[in-house]
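Coordinates from data-v5.txt are shown below (compact mmCIF, C-alpha atoms).
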# COMPACT_ATOMS: atom_id res chain seq x y z
CA MET A 195 -31.93 6.76 -86.51
CA HIS A 196 -30.06 8.65 -89.06
CA ASP A 197 -28.68 12.06 -88.32
CA LYS A 198 -29.72 14.67 -90.80
CA PRO A 199 -26.88 16.48 -92.35
CA MET A 200 -26.61 20.03 -90.96
CA THR A 201 -27.47 22.77 -93.26
CA GLU A 202 -25.46 25.93 -93.51
CA SER A 203 -28.04 27.95 -91.55
CA ASP A 204 -28.11 25.33 -88.76
CA LYS A 205 -24.34 25.58 -88.48
CA GLU A 206 -24.48 29.38 -88.26
CA LYS A 207 -27.15 29.20 -85.55
CA ALA A 208 -25.19 26.70 -83.43
CA MET A 209 -22.05 28.76 -83.82
CA SER A 210 -23.84 31.94 -82.79
CA ASN A 211 -25.37 30.27 -79.70
CA HIS A 212 -22.00 28.91 -78.68
CA GLU A 213 -20.29 32.31 -79.04
CA ASN A 214 -23.06 34.07 -77.07
CA GLY A 215 -22.80 31.52 -74.26
CA ALA A 216 -19.02 31.82 -74.15
CA ALA A 217 -19.22 35.60 -74.12
CA GLU A 218 -21.73 35.54 -71.27
CA ALA A 219 -19.53 33.12 -69.34
CA MET A 220 -16.51 35.33 -69.89
CA ASN A 221 -18.29 38.53 -68.77
CA ILE A 222 -19.55 37.25 -65.40
CA ASN A 223 -16.70 38.69 -63.33
CA THR A 224 -15.63 41.62 -65.42
CA ASP A 225 -17.91 44.26 -63.88
CA GLU A 226 -16.18 45.61 -60.76
CA ASN A 227 -19.35 47.36 -59.59
CA ILE A 228 -21.26 44.14 -58.98
CA SER A 229 -21.29 43.44 -55.24
CA GLY A 230 -20.55 40.03 -53.77
CA THR A 231 -18.42 38.76 -56.61
CA SER A 232 -14.75 37.97 -56.86
CA HIS A 233 -13.10 39.89 -59.61
CA LEU A 234 -10.51 38.58 -61.96
CA ASN A 235 -8.12 41.39 -61.03
CA GLU A 236 -8.19 40.25 -57.32
CA PRO A 237 -7.02 36.64 -57.33
CA VAL A 238 -7.40 34.95 -53.91
CA SER A 239 -4.82 32.31 -53.31
CA GLN A 240 -5.39 29.47 -50.86
CA GLU A 241 -1.66 29.48 -50.17
CA ASP A 242 -1.88 33.13 -48.99
CA GLU A 243 -4.76 32.27 -46.65
CA VAL A 244 -2.88 29.26 -45.24
CA ALA A 245 0.25 31.35 -44.71
CA LYS A 246 -1.80 34.06 -42.94
CA LEU A 247 -3.46 31.50 -40.67
CA ASN A 248 -0.09 29.88 -39.89
CA ARG A 249 1.33 33.28 -38.90
CA GLU A 250 -1.67 33.87 -36.59
CA ILE A 251 -1.18 30.42 -35.04
CA GLU A 252 2.52 31.12 -34.45
CA GLU A 253 1.72 34.50 -32.84
CA LEU A 254 -0.88 32.89 -30.54
CA LYS A 255 1.55 30.08 -29.65
CA ASP A 256 4.25 32.63 -28.81
CA LYS A 257 1.83 34.66 -26.70
CA TYR A 258 0.67 31.51 -24.87
CA LEU A 259 4.23 30.35 -24.17
CA ARG A 260 5.16 33.80 -22.81
CA GLN A 261 2.16 33.78 -20.48
CA VAL A 262 2.97 30.27 -19.24
CA ALA A 263 6.58 31.33 -18.58
CA GLU A 264 5.43 34.48 -16.75
CA PHE A 265 3.07 32.42 -14.60
CA GLU A 266 5.81 29.90 -13.77
CA ASN A 267 8.13 32.76 -12.77
CA PHE A 268 5.35 34.24 -10.62
CA LYS A 269 4.81 30.88 -8.86
CA LYS A 270 8.54 30.46 -8.18
CA ARG A 271 8.90 34.03 -6.91
CA ASN A 272 5.81 33.65 -4.72
CA ALA A 273 7.09 30.37 -3.23
CA ARG A 274 10.50 31.93 -2.56
CA GLU A 275 8.95 34.99 -0.90
CA ARG A 276 6.66 32.81 1.23
CA LEU A 277 9.63 30.70 2.36
CA GLU A 278 11.58 33.84 3.29
CA LEU A 279 8.55 35.16 5.17
CA ILE A 280 8.18 31.92 7.12
CA GLN A 281 11.87 31.87 7.97
CA THR A 282 11.90 35.47 9.16
CA ALA A 283 8.35 35.68 10.57
CA GLY A 284 9.52 35.02 14.11
CA LYS A 285 12.44 37.46 13.89
CA GLU A 286 10.51 40.35 15.44
CA VAL A 287 9.21 38.24 18.33
CA ILE A 288 12.59 36.61 18.93
CA SER A 289 14.30 40.01 18.93
CA ALA A 290 11.81 41.25 21.55
CA LEU A 291 12.31 38.11 23.64
CA LEU A 292 16.08 38.64 23.73
CA GLU A 293 15.46 41.32 26.37
CA VAL A 294 13.72 38.74 28.54
CA LEU A 295 16.56 36.30 27.95
CA ASP A 296 19.03 38.97 29.09
CA ASP A 297 16.92 39.48 32.23
CA CYS A 298 16.95 35.72 32.85
CA ASP A 299 20.76 35.66 32.60
CA ARG A 300 21.02 38.51 35.11
CA ALA A 301 18.53 36.79 37.43
CA GLU A 302 20.51 33.54 37.27
CA LYS A 303 23.70 35.36 38.28
CA GLN A 304 21.80 37.11 41.08
CA MET A 305 20.41 33.78 42.37
CA GLN A 306 23.91 32.35 42.59
CA ALA A 307 25.16 35.40 44.47
CA THR A 308 22.35 35.73 47.06
CA ASP A 309 20.20 33.60 49.31
CA ASP A 310 17.49 36.25 49.72
CA ALA A 311 14.36 34.38 48.56
CA ALA A 312 12.21 37.54 48.52
CA SER A 313 14.47 39.38 46.05
CA ILE A 314 14.72 36.27 43.84
CA LYS A 315 10.92 35.96 43.81
CA GLU A 316 10.53 39.64 43.00
CA GLY A 317 13.06 39.42 40.14
CA ALA A 318 11.37 36.33 38.68
CA HIS A 319 7.98 38.03 38.92
CA LEU A 320 9.33 41.07 37.02
CA ILE A 321 10.76 38.84 34.28
CA PHE A 322 7.48 36.89 33.89
CA THR A 323 5.51 40.14 33.71
CA LYS A 324 7.86 41.52 31.06
CA LEU A 325 7.54 38.31 29.03
CA ARG A 326 3.72 38.39 29.19
CA ASN A 327 3.64 42.07 28.19
CA ILE A 328 5.89 41.49 25.16
CA LEU A 329 3.76 38.57 23.97
CA GLN A 330 0.49 40.44 24.57
CA ALA A 331 1.81 43.40 22.57
CA ARG A 332 2.21 41.01 19.64
CA GLY A 333 -1.36 39.70 19.85
CA LEU A 334 -1.09 36.80 22.30
CA LYS A 335 -4.02 36.50 24.68
CA ALA A 336 -4.56 33.88 27.38
CA MET A 337 -7.88 32.03 27.44
CA GLU A 338 -9.95 32.25 30.62
CA SER A 339 -11.37 28.77 31.17
CA ILE A 340 -12.00 28.11 34.88
CA GLY A 341 -15.69 28.45 35.71
CA THR A 342 -16.82 28.56 32.06
CA GLU A 343 -18.92 25.97 30.23
CA PHE A 344 -16.89 23.15 28.70
CA ASP A 345 -16.53 23.91 24.97
CA PRO A 346 -14.90 21.19 22.82
CA ASP A 347 -14.00 23.87 20.25
CA ARG A 348 -11.74 25.60 22.81
CA HIS A 349 -11.07 23.01 25.53
CA GLU A 350 -9.49 19.58 25.63
CA ALA A 351 -10.88 17.56 28.56
CA ILE A 352 -8.14 15.66 30.38
CA THR A 353 -10.44 14.12 32.96
CA GLN A 354 -13.77 14.53 34.71
CA ILE A 355 -14.21 14.80 38.47
CA PRO A 356 -17.28 15.12 40.68
CA ALA A 357 -18.33 18.78 40.62
CA PRO A 358 -17.65 20.62 43.92
CA SER A 359 -21.09 22.25 43.62
CA GLU A 360 -24.25 21.78 41.59
CA ASP A 361 -23.61 24.90 39.48
CA MET A 362 -20.15 23.61 38.38
CA LYS A 363 -21.56 20.54 36.57
CA GLY A 364 -20.47 20.62 32.91
CA LYS A 365 -18.08 23.48 33.64
CA VAL A 366 -14.30 23.73 33.78
CA VAL A 367 -13.18 23.05 37.37
CA ASP A 368 -9.40 23.25 36.86
CA GLU A 369 -6.93 24.14 34.12
CA VAL A 370 -3.93 21.85 33.54
CA GLN A 371 -2.55 23.90 30.62
CA LYS A 372 -3.68 27.35 29.51
CA GLY A 373 -5.15 27.92 26.07
CA TYR A 374 -4.03 30.88 23.94
CA TYR A 375 -5.30 33.08 21.12
CA LEU A 376 -3.07 34.90 18.68
CA ASN A 377 -4.86 37.90 17.17
CA ASP A 378 -8.20 36.32 18.20
CA LYS A 379 -7.38 33.02 16.50
CA LEU A 380 -7.11 29.94 18.69
CA ILE A 381 -3.55 28.61 18.59
CA ARG A 382 -3.65 26.23 21.56
CA PHE A 383 -6.52 24.41 23.24
CA ALA A 384 -6.80 24.65 27.01
CA LYS A 385 -6.31 21.29 28.76
CA VAL A 386 -8.96 21.22 31.46
CA VAL A 387 -10.65 19.18 34.17
CA VAL A 388 -14.45 19.12 33.85
CA GLY A 389 -16.98 18.76 36.68
CA GLN A 390 -19.66 16.07 36.33
Could you express the structure from this file as structure tokens?
Amino acid sequence: MHDKPMTESDKEKAMSNHENGAAEAMNINTDENISGTSHLNEPVSQEDEVAKLNREIEELKDKYLRQVAEFENFKKRNARERLELIQTAGKEVISALLEVLDDCDRAEKQMQATDDAASIKEGAHLIFTKLRNILQARGLKAMESIGTEFDPDRHEAITQIPAPSEDMKGKVVDEVQKGYYLNDKLIRFAKVVVGQ
């Protein structure tokens, strides 16, 4: 196929179409009132967006690291306070028991100086009563076991013996070692003899 030579009018038409298309392409973003378009006078740079995102990442990293450091400090402080509490928890009880220890020292001196068994017994009884009262004031309570049903949650059976009566079967007949509660929490099982 041979191309026809373009006439002057064909050239003018092609030129006019090209100029109109270029003008339309150039005018797409020039109207600032058109919504949803990016305008030529507001260039958006990818580098600006990346820099903004990097700044946000750095701020979040910094915030995260500060929170981790605060939490670590909290854990260390909490562990230190708990250790101090454990070490000094018995201080109040020990201080109260020092009075009983003083009484024991006085009783020991008295025992060496006298042979009166009645006064020694009376002194020992007073000391034991004082000791029990101090411990009870701090929440210690003795468990009553003799004559109660054997309960493996509270009692530790040392042995079983024939029950002295029919109603004592399965019950605690004797107590080898007392059980204790501290503020209603079991701290020592009672060691008992159970009737069978």
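In terms of minimum interatomic distance to A:Lys363, A:Val387 ranks closest within A:Val387, A:Met305, A:Val244, A:Leu277, counting all atoms listed in the file.
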ask   = Which distance in Å separates atom CA of A:Arg300 and atom CA of A:Gln281, to one decimal?
value =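 So the answer is 29.4 Å.
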Find the spatial neighbours of stretch 326-335 of chain A, counting all atoms listed in the file, within a cut-off of 8 Å - ignore same-chain residues fewer than 3 positions away - and output them as a PDB file with C-alpha atoms, in the coordinates of the input.
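As a result, out.pdb now contains:
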ATOM      1  CA  VAL A 287       9.210  38.240  18.330  1.00  0.00           C
ATOM      2  CA  ALA A 290      11.810  41.250  21.550  1.00  0.00           C
ATOM      3  CA  LEU A 291      12.310  38.110  23.640  1.00  0.00           C
ATOM      4  CA  PHE A 322       7.480  36.890  33.890  1.00  0.00           C
ATOM      5  CA  THR A 323       5.510  40.140  33.710  1.00  0.00           C
ATOM      6  CA  TYR A 374      -4.030  30.880  23.940  1.00  0.00           C
ATOM      7  CA  TYR A 375      -5.300  33.080  21.120  1.00  0.00           C
ATOM      8  CA  LEU A 376      -3.070  34.900  18.680  1.00  0.00           C
ATOM      9  CA  ASN A 377      -4.860  37.900  17.170  1.00  0.00           C
ATOM     10  CA  ASP A 378      -8.200  36.320  18.200  1.00  0.00           C
TER      11      ASP A 378
END
ask   = Which residue gives the smallest distance to A:Leu295 among A:Lys315, A:Ile251, A:Leu325, A:Glu338, with all atoms listed in the file counted?
value =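 For A:Leu295, the nearest of the given residues is A:Leu325.
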message = Just to confirm, what's the straight-line distance from atom CA of A:Leu259 to atom CA of A:Glu275 in Å (one decimal)?
response =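 Value for the atom CA of A:Leu259-atom CA of A:Glu275 distance: 24.2 Å.
Taking atom CA of A:Leu292 and atom CA of A:Ala336 as the two end points, the separation is 21.5 Å.
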Size and centre in Å, one decimal, axis-aligned box, all listed stretch 294-298 of chain A atoms plus 6 Å per side, as lines of an AutoDock Vina configuration file:
center_x = 16.4
center_y = 37.6
center_z = 30.4
size_x = 17.3
size_y = 15.8
size_z = 16.9
request  = Pick out the residues sitting within 8 Å of stretch 344-359 of chain A, and hand them over as a ChimeraX atom specification; count only C-alpha atoms, and ignore anything fewer than 4 positions along from it in its own chain.
outcome  = /A:363-367,373,380,383-390
key: Polymer residues at most 10 Å from A:Ala301, all atoms listed in the file, same-chain spacing of 6 or more positions, as a VMD selection string   = chain A and resid 295 307 313 to 315 317 to 318 321
